[in-house]
Every structure is written in C-alpha cells, then in structure tokens.
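*Asks:* PDB, C-alpha atoms and all ligand atoms, file coords28.pdb:
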```pdb
ATOM      1  CA  LEU H1205      12.892 -18.040  22.515  1.00  0.00           C
ATOM      2  CA  PRO H1206      11.584 -14.664  23.679  1.00  0.00           C
ATOM      3  CA  THR H1207      11.561 -11.888  21.111  1.00  0.00           C
ATOM      4  CA  ILE H1208      14.248  -9.353  21.947  1.00  0.00           C
ATOM      5  CA  VAL H1209      12.876  -5.844  22.065  1.00  0.00           C
ATOM      6  CA  PRO H1210      15.449  -3.037  21.865  1.00  0.00           C
ATOM      7  CA  GLU H1211      15.752  -0.856  24.973  1.00  0.00           C
ATOM      8  CA  VAL H1212      15.767   2.335  22.922  1.00  0.00           C
ATOM      9  CA  ARG H1213      14.529   3.172  19.459  1.00  0.00           C
ATOM     10  CA  GLU H1214      16.878   3.290  16.495  1.00  0.00           C
ATOM     11  CA  ASP H1215      16.454   7.057  16.054  1.00  0.00           C
ATOM     12  CA  VAL H1216      17.609   7.587  19.652  1.00  0.00           C
ATOM     13  CA  TRP H1217      20.845   5.797  18.829  1.00  0.00           C
ATOM     14  CA  LEU H1218      21.232   7.659  15.558  1.00  0.00           C
ATOM     15  CA  SER H1219      20.945  11.050  17.201  1.00  0.00           C
ATOM     16  CA  ALA H1220      23.325   9.982  19.995  1.00  0.00           C
ATOM     17  CA  LEU H1221      25.863   8.889  17.377  1.00  0.00           C
ATOM     18  CA  LYS H1222      25.755  12.104  15.348  1.00  0.00           C
ATOM     19  CA  GLY H1223      29.049  13.825  14.695  1.00  0.00           C
ATOM     20  CA  LEU H1224      31.355  10.936  15.528  1.00  0.00           C
ATOM     21  CA  GLU H1225      34.958  11.298  14.456  1.00  0.00           C
ATOM     22  CA  GLU H1226      35.860   9.275  11.347  1.00  0.00           C
ATOM     23  CA  TRP H1227      38.212   6.360  12.019  1.00  0.00           C
ATOM     24  CA  ARG H1228      41.176   6.418   9.682  1.00  0.00           C
ATOM     25  CA  VAL H1229      41.575   2.651   9.542  1.00  0.00           C
ATOM     26  CA  PRO H1230      45.180   1.487   9.524  1.00  0.00           C
ATOM     27  CA  HIS H1231      45.717  -0.787   6.545  1.00  0.00           C
ATOM     28  CA  VAL H1232      47.622  -3.404   8.517  1.00  0.00           C
ATOM     29  CA  PRO H1233      46.920  -7.145   8.855  1.00  0.00           C
ATOM     30  CA  THR H1234      43.791  -7.501  10.927  1.00  0.00           C
ATOM     31  CA  VAL H1235      42.434 -10.270  13.136  1.00  0.00           C
ATOM     32  CA  VAL H1236      38.661 -10.200  13.705  1.00  0.00           C
ATOM     33  CA  LEU H1237      37.246 -12.215  16.597  1.00  0.00           C
ATOM     34  CA  ALA H1238      33.734 -13.654  16.178  1.00  0.00           C
ATOM     35  CA  PRO H1239      32.186 -15.242  19.290  1.00  0.00           C
ATOM     36  CA  HIS H1240      29.446 -16.788  17.109  1.00  0.00           C
ATOM     37  CA  PRO H1241      29.188 -17.324  13.359  1.00  0.00           C
ATOM     38  CA  ASP H1242      27.499 -14.073  12.231  1.00  0.00           C
ATOM     39  CA  ASP H1243      29.166 -11.592  14.610  1.00  0.00           C
ATOM     40  CA  GLU H1244      31.930 -10.922  12.079  1.00  0.00           C
ATOM     41  CA  SER H1245      29.284  -9.871   9.514  1.00  0.00           C
ATOM     42  CA  LEU H1246      26.956  -8.047  11.912  1.00  0.00           C
ATOM     43  CA  GLY H1247      29.636  -6.177  13.825  1.00  0.00           C
ATOM     44  CA  ALA H1248      32.481  -5.652  11.383  1.00  0.00           C
ATOM     45  CA  GLY H1249      31.334  -6.724   7.913  1.00  0.00           C
ATOM     46  CA  GLY H1250      31.891  -3.270   6.450  1.00  0.00           C
ATOM     47  CA  LEU H1251      35.361  -3.019   7.927  1.00  0.00           C
ATOM     48  CA  ILE H1252      36.317  -6.432   6.567  1.00  0.00           C
ATOM     49  CA  ALA H1253      35.045  -5.514   3.075  1.00  0.00           C
ATOM     50  CA  HIS H1254      36.932  -2.221   3.245  1.00  0.00           C
ATOM     51  CA  LEU H1255      40.217  -3.822   4.287  1.00  0.00           C
ATOM     52  CA  ARG H1256      40.017  -6.635   1.728  1.00  0.00           C
ATOM     53  CA  ALA H1257      39.218  -4.164  -1.069  1.00  0.00           C
ATOM     54  CA  ASN H1258      42.468  -2.455  -0.135  1.00  0.00           C
ATOM     55  CA  GLY H1259      44.408  -5.712  -0.261  1.00  0.00           C
ATOM     56  CA  VAL H1260      44.839  -5.974   3.498  1.00  0.00           C
ATOM     57  CA  PRO H1261      45.053  -9.507   4.964  1.00  0.00           C
ATOM     58  CA  VAL H1262      42.140 -10.261   7.281  1.00  0.00           C
ATOM     59  CA  THR H1263      41.949 -13.339   9.469  1.00  0.00           C
ATOM     60  CA  VAL H1264      38.719 -14.285  11.214  1.00  0.00           C
ATOM     61  CA  VAL H1265      38.818 -16.303  14.412  1.00  0.00           C
ATOM     62  CA  ALA H1266      35.551 -18.176  14.933  1.00  0.00           C
ATOM     63  CA  VAL H1267      35.515 -18.794  18.677  1.00  0.00           C
ATOM     64  CA  THR H1268      32.427 -21.031  18.798  1.00  0.00           C
ATOM     65  CA  ASP H1269      30.399 -22.791  16.132  1.00  0.00           C
ATOM     66  CA  GLY H1270      27.168 -21.265  17.408  1.00  0.00           C
ATOM     67  CA  GLU H1271      25.532 -24.570  18.274  1.00  0.00           C
ATOM     68  CA  ALA H1272      23.344 -23.102  21.044  1.00  0.00           C
ATOM     69  CA  ALA H1273      21.470 -20.431  19.062  1.00  0.00           C
ATOM     70  CA  TYR H1274      18.200 -22.346  19.213  1.00  0.00           C
ATOM     71  CA  ALA H1275      17.295 -24.872  21.893  1.00  0.00           C
ATOM     72  CA  ASN H1276      16.714 -28.506  20.882  1.00  0.00           C
ATOM     73  CA  ASP H1277      18.004 -28.041  17.376  1.00  0.00           C
ATOM     74  CA  ASP H1278      20.712 -30.483  16.325  1.00  0.00           C
ATOM     75  CA  GLY H1279      23.074 -29.799  13.485  1.00  0.00           C
ATOM     76  CA  GLN H1280      23.264 -26.059  14.065  1.00  0.00           C
ATOM     77  CA  ALA H1281      27.053 -25.972  14.325  1.00  0.00           C
ATOM     78  CA  GLU H1282      27.565 -27.686  10.969  1.00  0.00           C
ATOM     79  CA  LEU H1283      25.078 -25.362   9.322  1.00  0.00           C
ATOM     80  CA  ARG H1284      26.411 -22.165  10.848  1.00  0.00           C
ATOM     81  CA  VAL H1285      30.017 -22.967   9.966  1.00  0.00           C
ATOM     82  CA  VAL H1286      28.986 -23.325   6.315  1.00  0.00           C
ATOM     83  CA  GLU H1287      26.956 -20.103   6.474  1.00  0.00           C
ATOM     84  CA  GLN H1288      29.865 -18.214   8.003  1.00  0.00           C
ATOM     85  CA  ALA H1289      32.270 -19.406   5.319  1.00  0.00           C
ATOM     86  CA  ALA H1290      29.790 -18.266   2.642  1.00  0.00           C
ATOM     87  CA  ALA H1291      29.382 -14.909   4.381  1.00  0.00           C
ATOM     88  CA  LEU H1292      33.116 -14.407   4.510  1.00  0.00           C
ATOM     89  CA  ARG H1293      33.437 -15.234   0.823  1.00  0.00           C
ATOM     90  CA  GLN H1294      31.142 -12.249   0.213  1.00  0.00           C
ATOM     91  CA  LEU H1295      33.711 -10.186   2.110  1.00  0.00           C
ATOM     92  CA  ASP H1296      36.623 -11.688   0.157  1.00  0.00           C
ATOM     93  CA  VAL H1297      37.939 -13.702   3.110  1.00  0.00           C
ATOM     94  CA  SER H1298      38.741 -17.236   2.002  1.00  0.00           C
ATOM     95  CA  GLU H1299      38.186 -20.316   4.108  1.00  0.00           C
ATOM     96  CA  THR H1300      41.920 -20.639   4.714  1.00  0.00           C
ATOM     97  CA  ALA H1301      41.794 -17.283   6.507  1.00  0.00           C
ATOM     98  CA  ILE H1302      39.236 -18.584   9.034  1.00  0.00           C
ATOM     99  CA  THR H1303      40.507 -20.224  12.210  1.00  0.00           C
ATOM    100  CA  ARG H1304      37.944 -22.225  14.158  1.00  0.00           C
ATOM    101  CA  LEU H1305      38.470 -22.758  17.865  1.00  0.00           C
ATOM    102  CA  HIS H1306      35.300 -24.828  18.541  1.00  0.00           C
ATOM    103  CA  LEU H1307      34.833 -23.514  22.078  1.00  0.00           C
ATOM    104  CA  PRO H1308      31.372 -24.186  23.536  1.00  0.00           C
ATOM    105  CA  ASP H1309      28.646 -21.725  22.549  1.00  0.00           C
ATOM    106  CA  SER H1310      27.159 -19.975  25.623  1.00  0.00           C
ATOM    107  CA  ASP H1311      30.077 -21.110  27.813  1.00  0.00           C
ATOM    108  CA  VAL H1312      33.116 -19.185  26.580  1.00  0.00           C
ATOM    109  CA  SER H1313      33.594 -17.533  29.980  1.00  0.00           C
ATOM    110  CA  ALA H1314      34.473 -20.938  31.458  1.00  0.00           C
ATOM    111  CA  HIS H1315      37.298 -21.260  28.914  1.00  0.00           C
ATOM    112  CA  GLU H1316      39.031 -17.906  28.984  1.00  0.00           C
ATOM    113  CA  GLU H1317      42.480 -19.344  29.756  1.00  0.00           C
ATOM    114  CA  THR H1318      42.169 -21.798  26.870  1.00  0.00           C
ATOM    115  CA  LEU H1319      41.010 -18.999  24.596  1.00  0.00           C
ATOM    116  CA  PHE H1320      43.954 -16.830  25.640  1.00  0.00           C
ATOM    117  CA  ASP H1321      46.411 -19.635  24.852  1.00  0.00           C
ATOM    118  CA  MET H1322      44.752 -20.253  21.470  1.00  0.00           C
ATOM    119  CA  LEU H1323      44.637 -16.584  20.464  1.00  0.00           C
ATOM    120  CA  LEU H1324      48.126 -15.557  21.446  1.00  0.00           C
ATOM    121  CA  PRO H1325      49.877 -17.332  18.534  1.00  0.00           C
ATOM    122  CA  LEU H1326      47.235 -15.987  16.099  1.00  0.00           C
ATOM    123  CA  VAL H1327      47.925 -12.335  16.894  1.00  0.00           C
ATOM    124  CA  ALA H1328      51.325 -11.260  15.634  1.00  0.00           C
ATOM    125  CA  GLU H1329      53.043  -8.006  16.467  1.00  0.00           C
ATOM    126  CA  GLY H1330      52.023  -5.263  14.061  1.00  0.00           C
ATOM    127  CA  THR H1331      48.504  -6.608  13.509  1.00  0.00           C
ATOM    128  CA  GLN H1332      45.353  -4.921  14.718  1.00  0.00           C
ATOM    129  CA  LEU H1333      42.760  -6.792  16.679  1.00  0.00           C
ATOM    130  CA  VAL H1334      39.002  -6.264  16.224  1.00  0.00           C
ATOM    131  CA  ALA H1335      36.850  -7.791  18.931  1.00  0.00           C
ATOM    132  CA  PRO H1336      33.447  -7.549  20.582  1.00  0.00           C
ATOM    133  CA  TRP H1337      33.297  -4.939  23.305  1.00  0.00           C
ATOM    134  CA  PRO H1338      33.786  -6.554  26.742  1.00  0.00           C
ATOM    135  CA  ARG H1339      30.431  -5.023  27.808  1.00  0.00           C
ATOM    136  CA  ASP H1340      28.395  -6.063  24.762  1.00  0.00           C
ATOM    137  CA  PHE H1341      25.500  -7.540  26.772  1.00  0.00           C
ATOM    138  CA  HIS H1342      26.161 -11.175  25.906  1.00  0.00           C
ATOM    139  CA  PRO H1343      28.320 -13.438  28.116  1.00  0.00           C
ATOM    140  CA  ASP H1344      30.254 -14.924  25.169  1.00  0.00           C
ATOM    141  CA  HIS H1345      30.897 -11.520  23.595  1.00  0.00           C
ATOM    142  CA  GLU H1346      32.091 -10.192  26.929  1.00  0.00           C
ATOM    143  CA  ALA H1347      34.375 -13.185  27.545  1.00  0.00           C
ATOM    144  CA  VAL H1348      35.926 -12.861  24.079  1.00  0.00           C
ATOM    145  CA  GLY H1349      36.360  -9.122  24.671  1.00  0.00           C
ATOM    146  CA  ARG H1350      38.111  -9.674  28.005  1.00  0.00           C
ATOM    147  CA  VAL H1351      40.512 -12.178  26.490  1.00  0.00           C
ATOM    148  CA  ALA H1352      41.125  -9.899  23.495  1.00  0.00           C
ATOM    149  CA  ALA H1353      42.179  -7.139  25.879  1.00  0.00           C
ATOM    150  CA  ARG H1354      44.702  -9.469  27.525  1.00  0.00           C
ATOM    151  CA  VAL H1355      46.061 -10.696  24.195  1.00  0.00           C
ATOM    152  CA  ALA H1356      46.387  -7.123  22.894  1.00  0.00           C
ATOM    153  CA  GLU H1357      48.263  -6.171  26.044  1.00  0.00           C
ATOM    154  CA  ALA H1358      50.555  -9.197  25.797  1.00  0.00           C
ATOM    155  CA  ARG H1359      51.318  -8.525  22.134  1.00  0.00           C
ATOM    156  CA  GLY H1360      51.437  -4.725  22.316  1.00  0.00           C
ATOM    157  CA  VAL H1361      48.830  -4.356  19.567  1.00  0.00           C
ATOM    158  CA  ASP H1362      45.808  -2.061  19.272  1.00  0.00           C
ATOM    159  CA  VAL H1363      42.325  -3.410  19.680  1.00  0.00           C
ATOM    160  CA  MET H1364      39.161  -1.864  18.277  1.00  0.00           C
ATOM    161  CA  TRP H1365      35.846  -2.917  19.769  1.00  0.00           C
ATOM    162  CA  TYR H1366      32.684  -3.546  17.785  1.00  0.00           C
ATOM    163  CA  LEU H1367      29.148  -3.637  19.174  1.00  0.00           C
ATOM    164  CA  PHE H1368      26.062  -5.640  18.446  1.00  0.00           C
ATOM    165  CA  TRP H1369      23.939  -6.489  21.490  1.00  0.00           C
ATOM    166  CA  THR H1370      24.699  -3.057  22.925  1.00  0.00           C
ATOM    167  CA  TRP H1371      22.422  -1.563  20.243  1.00  0.00           C
ATOM    168  CA  HIS H1372      19.537  -3.615  21.620  1.00  0.00           C
ATOM    169  CA  ARG H1373      20.198  -4.201  25.293  1.00  0.00           C
ATOM    170  CA  GLY H1374      22.074  -0.990  26.037  1.00  0.00           C
ATOM    171  CA  THR H1375      21.332   2.713  25.912  1.00  0.00           C
ATOM    172  CA  PRO H1376      23.467   5.660  24.718  1.00  0.00           C
ATOM    173  CA  GLU H1377      24.245   6.379  28.388  1.00  0.00           C
ATOM    174  CA  ILE H1378      26.532   3.378  28.556  1.00  0.00           C
ATOM    175  CA  LEU H1379      28.837   4.789  25.865  1.00  0.00           C
ATOM    176  CA  ARG H1380      29.120   8.209  27.442  1.00  0.00           C
ATOM    177  CA  GLY H1381      32.699   9.330  27.974  1.00  0.00           C
ATOM    178  CA  ARG H1382      34.167   6.586  25.798  1.00  0.00           C
ATOM    179  CA  SER H1383      36.349   7.091  22.761  1.00  0.00           C
ATOM    180  CA  ILE H1384      34.005   6.297  19.872  1.00  0.00           C
ATOM    181  CA  VAL H1385      34.721   6.516  16.158  1.00  0.00           C
ATOM    182  CA  LYS H1386      32.807   5.646  13.033  1.00  0.00           C
ATOM    183  CA  LEU H1387      33.845   3.991   9.833  1.00  0.00           C
ATOM    184  CA  SER H1388      31.745   5.395   6.979  1.00  0.00           C
ATOM    185  CA  LEU H1389      30.772   2.723   4.470  1.00  0.00           C
ATOM    186  CA  ASP H1390      30.297   3.396   0.798  1.00  0.00           C
ATOM    187  CA  GLN H1391      27.496   1.736  -1.198  1.00  0.00           C
ATOM    188  CA  TRP H1392      29.731  -1.112  -2.305  1.00  0.00           C
ATOM    189  CA  GLU H1393      30.951  -1.881   1.215  1.00  0.00           C
ATOM    190  CA  LEU H1394      27.411  -1.689   2.560  1.00  0.00           C
ATOM    191  CA  ALA H1395      26.225  -4.090  -0.153  1.00  0.00           C
ATOM    192  CA  ARG H1396      29.006  -6.566   0.654  1.00  0.00           C
ATOM    193  CA  LYS H1397      28.019  -6.436   4.317  1.00  0.00           C
ATOM    194  CA  ARG H1398      24.334  -6.936   3.497  1.00  0.00           C
ATOM    195  CA  ASP H1399      25.183  -9.921   1.288  1.00  0.00           C
ATOM    196  CA  ALA H1400      27.377 -11.412   4.029  1.00  0.00           C
ATOM    197  CA  ILE H1401      24.607 -11.076   6.611  1.00  0.00           C
ATOM    198  CA  GLY H1402      22.207 -12.652   4.128  1.00  0.00           C
ATOM    199  CA  CYS H1403      24.321 -15.828   4.154  1.00  0.00           C
ATOM    200  CA  HIS H1404      23.471 -16.466   7.823  1.00  0.00           C
ATOM    201  CA  VAL H1405      20.156 -17.953   6.760  1.00  0.00           C
ATOM    202  CA  SER H1406      19.534 -20.010   9.912  1.00  0.00           C
ATOM    203  CA  GLN H1407      19.609 -16.843  12.011  1.00  0.00           C
ATOM    204  CA  LEU H1408      17.337 -14.897   9.655  1.00  0.00           C
ATOM    205  CA  HIS H1409      14.538 -17.348   8.884  1.00  0.00           C
ATOM    206  CA  ARG H1410      12.719 -19.964  10.940  1.00  0.00           C
ATOM    207  CA  GLY H1411      10.108 -22.325   9.648  1.00  0.00           C
ATOM    208  CA  ASP H1412       8.709 -22.734  13.159  1.00  0.00           C
ATOM    209  CA  GLY H1413       8.881 -19.367  14.887  1.00  0.00           C
ATOM    210  CA  GLN H1414      10.810 -16.149  15.323  1.00  0.00           C
ATOM    211  CA  PRO H1415      14.361 -16.003  14.009  1.00  0.00           C
ATOM    212  CA  ILE H1416      17.034 -14.617  16.340  1.00  0.00           C
ATOM    213  CA  LEU H1417      17.885 -11.835  13.912  1.00  0.00           C
ATOM    214  CA  SER H1418      14.600  -9.994  13.492  1.00  0.00           C
ATOM    215  CA  GLU H1419      14.312  -7.034  11.154  1.00  0.00           C
ATOM    216  CA  GLU H1420      14.441  -4.791  14.195  1.00  0.00           C
ATOM    217  CA  LEU H1421      17.726  -6.291  15.403  1.00  0.00           C
ATOM    218  CA  LEU H1422      19.237  -5.941  11.938  1.00  0.00           C
ATOM    219  CA  ALA H1423      18.503  -2.209  11.720  1.00  0.00           C
ATOM    220  CA  PRO H1424      21.940  -1.064  12.984  1.00  0.00           C
ATOM    221  CA  THR H1425      23.654  -3.277  10.409  1.00  0.00           C
ATOM    222  CA  ARG H1426      22.091  -1.110   7.683  1.00  0.00           C
ATOM    223  CA  TRP H1427      23.504   2.164   8.947  1.00  0.00           C
ATOM    224  CA  PRO H1428      25.975   3.575   6.382  1.00  0.00           C
ATOM    225  CA  PHE H1429      28.714   3.432   9.010  1.00  0.00           C
ATOM    226  CA  GLU H1430      30.075   1.105  11.674  1.00  0.00           C
ATOM    227  CA  VAL H1431      30.886   2.208  15.183  1.00  0.00           C
ATOM    228  CA  TYR H1432      34.035   1.224  17.028  1.00  0.00           C
ATOM    229  CA  LEU H1433      35.301   1.940  20.506  1.00  0.00           C
ATOM    230  CA  ARG H1434      38.989   2.190  21.252  1.00  0.00           C
TER     231      ARG H1434
HETATM  232 ZN    ZN H1501      27.232 -13.337  19.018  1.00  0.00          ZN
END
```
Starting from the file, give its structure as structure tokens.
*Replies:*
Amino acid sequence: LPTIVPEVREDVWLSALKGLEEWRVPHVPTVVLAPHPDDESLGAGGLIAHLRANGVPVTVVAVTDGEAAYANDDGQAELRVVEQAAALRQLDVSETAITRLHLPDSDVSAHEETLFDMLLPLVAEGTQLVAPWPRDFHPDHEAVGRVAARVAEARGVDVMWYLFWTWHRGTPEILRGRSIVKLSLDQWELARKRDAIGCHVSQLHRGDGQPILSEELLAPTRWPFEVYLR
C-alpha cells in the first residue's frame, strides 16, 4: 500500500477555512452514511457526539464492512464491524442504531440502485441526512454521496456533506464557491471523537507496515471543528 501524501499542507487548509459560518445544527433525527467502518468517526464523529448529547436520535448506515482496506488480509470485515460498533458506543450510538448493508468494499458504484432501494426506507421525512461529499476523492465515498443526493431528493430532506479524502487528495480550490459551514466542537465533543477514532485499531496500527490512517491523515480529525458542505 503506497503511503498517501496530502496534496497541500494542513496550514494551507486551515487558512483557507478561516472565517467559516457556524452551522446551527438542527436537532432532528439524523441518518449518517458511512461508506467504510471509520468514516462516521473521521468525518462526522463530533456531530454525532453533539447530537447524542442533546438527546437527538442518530442512526448510522454502514454501507460496506470495509473488507478491502488491506490486500490479502482475511477477516478484516469481522474486525472492522466490531471496531465500528465500539467507536459508536463512544459516541453514544448503540448497536441497534447501526444498520449494516454489507455492500462490497471498493465496488459500491456497481450497486447504486441496490443502495438507493436499501436507503430509501431508512430515511424518513423530517430527518436530516449526513453523507460523504460526492466528490470526496474515493469511488465508494462518491457513490454513496450520489445515492444520498437521490434519496434526499426523493424524501424531500436536507443533506449535509462531510469530507475526508478531500483534505488529502484535494486542494482548497475545489471548494471554492461552495456553501461551506463549520461545526465548532467543544473539548468534550472533541474527546469523544478522538476516542471513537481510537477504536478503529486496524486502520491505525499495522504490525507489518504502514497503517492506512497515518498521523498525517488524522490531522484534520483533530481540528476543533468539522466542516460540512450543503
Ligand atoms: Zn471511507
């Protein structure tokens, strides 16, 4: 696995993101879509902690089990599902609030119609949808984002987009002209998010090489705010 080197330095992002409008999060039932087990924590862990602390129901839809993170490594799905459940416990989301769709990791784009049919009954009117941005520089994230847009349209609900690979494979240019908001996280929310990310052990540590989530890739998850596009 090649080490992923961010396109631009963290401080370039931080200066580009200065002065963002604060998102006044609606406290309505929320459905968070995670293409892989860890995206919910990396992309929206602070939001989930914030909503749960305010008693808002949060459902997480795990689209794949993340079995393709490392090549030639059996048993990843079983491990990552357990890690994700532990992470979500840190964010006060119980296992009964996780829906697993078991679509194939790295091949979600071949199953967009199936995903649409599976998601539609999970997104009720009056909920808000939180999904990876359809241009988040990963085929599965983009496929989930595209389907989320269709489901939101069909249900007449709002969707907020989170980012992860954009921080590493994109540049501030790509966000220019878009409606961007931030959700400031307090120390408690930030700690919950950090603890949730820490549960994804298989992505953070490798006995035999570089983990996918290097310290460099985790840097944006430590910012005291999360960024959402609408
Ligand atoms: Zn992912």
*Asks:* Neighbours of ligand ZN 1501 (chain H) within 10 Å, counting all atoms listed in the file, as a ChimeraX atom specification?
*Replies:* /H:1238-1244,1246-1247,1267-1268,1270,1273,1309-1310,1336,1340-1346,1367-1369
*Asks:* Kindly indicate which residue among H:Arg1359, H:Arg1284, H:Arg1382, H:His1372 lies nearest to H:Val1209, using only C-alpha atoms for the distances.
*Replies:*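 When distances to H:Val1209 are compared using only C-alpha atoms, the smallest one comes from H:His1372.
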*Asks:* Figure out the distance between atom CA of H:Asp1412 and atom CA of H:Val1212, please, to one decimal in Å.
*Replies:*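 Pair atom CA of H:Val1212 / atom CA of H:Asp1412 returns 27.8 Å.
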*Asks:* What's the separation between atom CA of H:Leu1417 and atom CA of H:Pro1261, in Å to one decimal place?
*Replies:* 28.7 Å
*Asks:* Name the residues that the PyMOL selection byres (((chain H and resi 1295) around 10) and not hetatm) picks from the file above, as a CSV table (one decimal) with C-alpha atoms, keeping the file's coordinate frame, using the file's chain letters and numbers.
*Replies:*
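Okay, this is what ended up in selection_34.csv:
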```csv
chain,number,residue,atom,x,y,z
H,1245,SER,CA,29.3,-9.9,9.5
H,1249,GLY,CA,31.3,-6.7,7.9
H,1250,GLY,CA,31.9,-3.3,6.4
H,1251,LEU,CA,35.4,-3.0,7.9
H,1252,ILE,CA,36.3,-6.4,6.6
H,1253,ALA,CA,35.0,-5.5,3.1
H,1254,HIS,CA,36.9,-2.2,3.2
H,1255,LEU,CA,40.2,-3.8,4.3
H,1256,ARG,CA,40.0,-6.6,1.7
H,1257,ALA,CA,39.2,-4.2,-1.1
H,1262,VAL,CA,42.1,-10.3,7.3
H,1289,ALA,CA,32.3,-19.4,5.3
H,1290,ALA,CA,29.8,-18.3,2.6
H,1291,ALA,CA,29.4,-14.9,4.4
H,1292,LEU,CA,33.1,-14.4,4.5
H,1293,ARG,CA,33.4,-15.2,0.8
H,1294,GLN,CA,31.1,-12.2,0.2
H,1296,ASP,CA,36.6,-11.7,0.2
H,1297,VAL,CA,37.9,-13.7,3.1
H,1298,SER,CA,38.7,-17.2,2.0
H,1393,GLU,CA,31.0,-1.9,1.2
H,1395,ALA,CA,26.2,-4.1,-0.2
H,1396,ARG,CA,29.0,-6.6,0.7
H,1397,LYS,CA,28.0,-6.4,4.3
H,1399,ASP,CA,25.2,-9.9,1.3
H,1400,ALA,CA,27.4,-11.4,4.0
```
*Asks:* To verify the selection step, state as a PyMOL selection string which residues the PyMOL selection byres (((chain H and resi 1324) around 12) and not hetatm) yields on this input.
*Replies:* chain H and resi 1235+1265+1317-1323+1325-1329+1331+1333+1351-1361
*Asks:* Pick the closest to H:Pro1210 from H:Ser1388, H:Thr1263, H:Ser1406, H:Thr1370: which is it, counting all atoms listed in the file?
*Replies:*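 Checking each of H:Ser1388, H:Thr1263, H:Ser1406, H:Thr1370 against H:Pro1210, counting all atoms listed in the file, the winner is H:Thr1370.
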*Asks:* List the spatial neighbours of H:Lys1386 as a tab-separated table (two decimals) with C-alpha atoms, keeping the file's coordinate frame - criterion: any atom at most 8 Å away, all atoms listed in the file, same-chain residues fewer than 5 positions off excluded.
*Replies:*
```tsv
chain	number	residue	atom	x	y	z
H	1224	LEU	CA	31.36	10.94	15.53
H	1225	GLU	CA	34.96	11.30	14.46
H	1226	GLU	CA	35.86	9.28	11.35
H	1227	TRP	CA	38.21	6.36	12.02
H	1429	PHE	CA	28.71	3.43	9.01
H	1430	GLU	CA	30.08	1.10	11.67
H	1431	VAL	CA	30.89	2.21	15.18
H	1432	TYR	CA	34.03	1.22	17.03
```
*Asks:* Interatomic distance between atom CA of H:Arg1350 and atom CA of H:Ala1335?
*Replies:* 9.4 Å
*Asks:* Which is closer to H:Leu1221 than all the others in H:Leu1379, H:Met1364, H:Ala1272, H:Ala1301, using all atoms listed in the file?
*Replies:*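 The closest residue to H:Leu1221 is H:Leu1379.
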*Asks:* From the list H:Glu1282, H:Glu1214, H:Asp1269, H:Asp1277, which residue is nearest H:Thr1425 when using only C-alpha atoms?
*Replies:*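 Of H:Glu1282, H:Glu1214, H:Asp1269, H:Asp1277, the one nearest H:Thr1425 is H:Glu1214, counting only C-alpha atoms.
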*Asks:* Reconstruct all heavy atoms of stretch 1411-1416 of chain H; output as a PDB file, in the frame of the given file.
*Replies:*
```pdb
ATOM      1  N   GLY H1411      11.374 -21.765  10.100  1.00  0.00           N
ATOM      2  CA  GLY H1411      10.108 -22.325   9.648  1.00  0.00           C
ATOM      3  C   GLY H1411       9.094 -22.340  10.780  1.00  0.00           C
ATOM      4  O   GLY H1411       7.893 -22.260  10.563  1.00  0.00           O
ATOM      5  N   ASP H1412       9.591 -22.438  12.022  1.00  0.00           N
ATOM      6  CA  ASP H1412       8.709 -22.734  13.159  1.00  0.00           C
ATOM      7  C   ASP H1412       8.782 -21.657  14.240  1.00  0.00           C
ATOM      8  O   ASP H1412       8.776 -21.950  15.418  1.00  0.00           O
ATOM      9  CB  ASP H1412       9.114 -24.074  13.757  1.00  0.00           C
ATOM     10  CG  ASP H1412      10.586 -24.076  14.193  1.00  0.00           C
ATOM     11  OD1 ASP H1412      11.319 -23.133  13.814  1.00  0.00           O
ATOM     12  OD2 ASP H1412      10.990 -25.003  14.907  1.00  0.00           O
ATOM     13  N   GLY H1413       8.893 -20.410  13.853  1.00  0.00           N
ATOM     14  CA  GLY H1413       8.881 -19.367  14.887  1.00  0.00           C
ATOM     15  C   GLY H1413       9.764 -18.195  14.520  1.00  0.00           C
ATOM     16  O   GLY H1413      10.176 -18.053  13.368  1.00  0.00           O
ATOM     17  N   GLN H1414      10.038 -17.371  15.525  1.00  0.00           N
ATOM     18  CA  GLN H1414      10.810 -16.149  15.323  1.00  0.00           C
ATOM     19  C   GLN H1414      12.298 -16.455  15.127  1.00  0.00           C
ATOM     20  O   GLN H1414      12.875 -17.194  15.913  1.00  0.00           O
ATOM     21  CB  GLN H1414      10.673 -15.254  16.556  1.00  0.00           C
ATOM     22  CG  GLN H1414       9.358 -14.508  16.629  1.00  0.00           C
ATOM     23  CD  GLN H1414       9.234 -13.498  15.508  1.00  0.00           C
ATOM     24  OE1 GLN H1414      10.167 -12.765  15.210  1.00  0.00           O
ATOM     25  NE2 GLN H1414       8.078 -13.474  14.866  1.00  0.00           N
ATOM     26  N   PRO H1415      12.912 -15.876  14.114  1.00  0.00           N
ATOM     27  CA  PRO H1415      14.361 -16.003  14.009  1.00  0.00           C
ATOM     28  C   PRO H1415      15.055 -15.113  15.046  1.00  0.00           C
ATOM     29  O   PRO H1415      14.454 -14.145  15.525  1.00  0.00           O
ATOM     30  CB  PRO H1415      14.663 -15.507  12.588  1.00  0.00           C
ATOM     31  CG  PRO H1415      13.579 -14.527  12.305  1.00  0.00           C
ATOM     32  CD  PRO H1415      12.358 -15.014  13.052  1.00  0.00           C
ATOM     33  N   ILE H1416      16.290 -15.444  15.393  1.00  0.00           N
ATOM     34  CA  ILE H1416      17.034 -14.617  16.340  1.00  0.00           C
ATOM     35  C   ILE H1416      17.241 -13.217  15.782  1.00  0.00           C
ATOM     36  O   ILE H1416      17.067 -12.223  16.481  1.00  0.00           O
ATOM     37  CB  ILE H1416      18.385 -15.292  16.666  1.00  0.00           C
ATOM     38  CG1 ILE H1416      18.101 -16.497  17.566  1.00  0.00           C
ATOM     39  CG2 ILE H1416      19.361 -14.306  17.307  1.00  0.00           C
ATOM     40  CD1 ILE H1416      19.297 -17.221  18.058  1.00  0.00           C
TER      41      ILE H1416
END
```
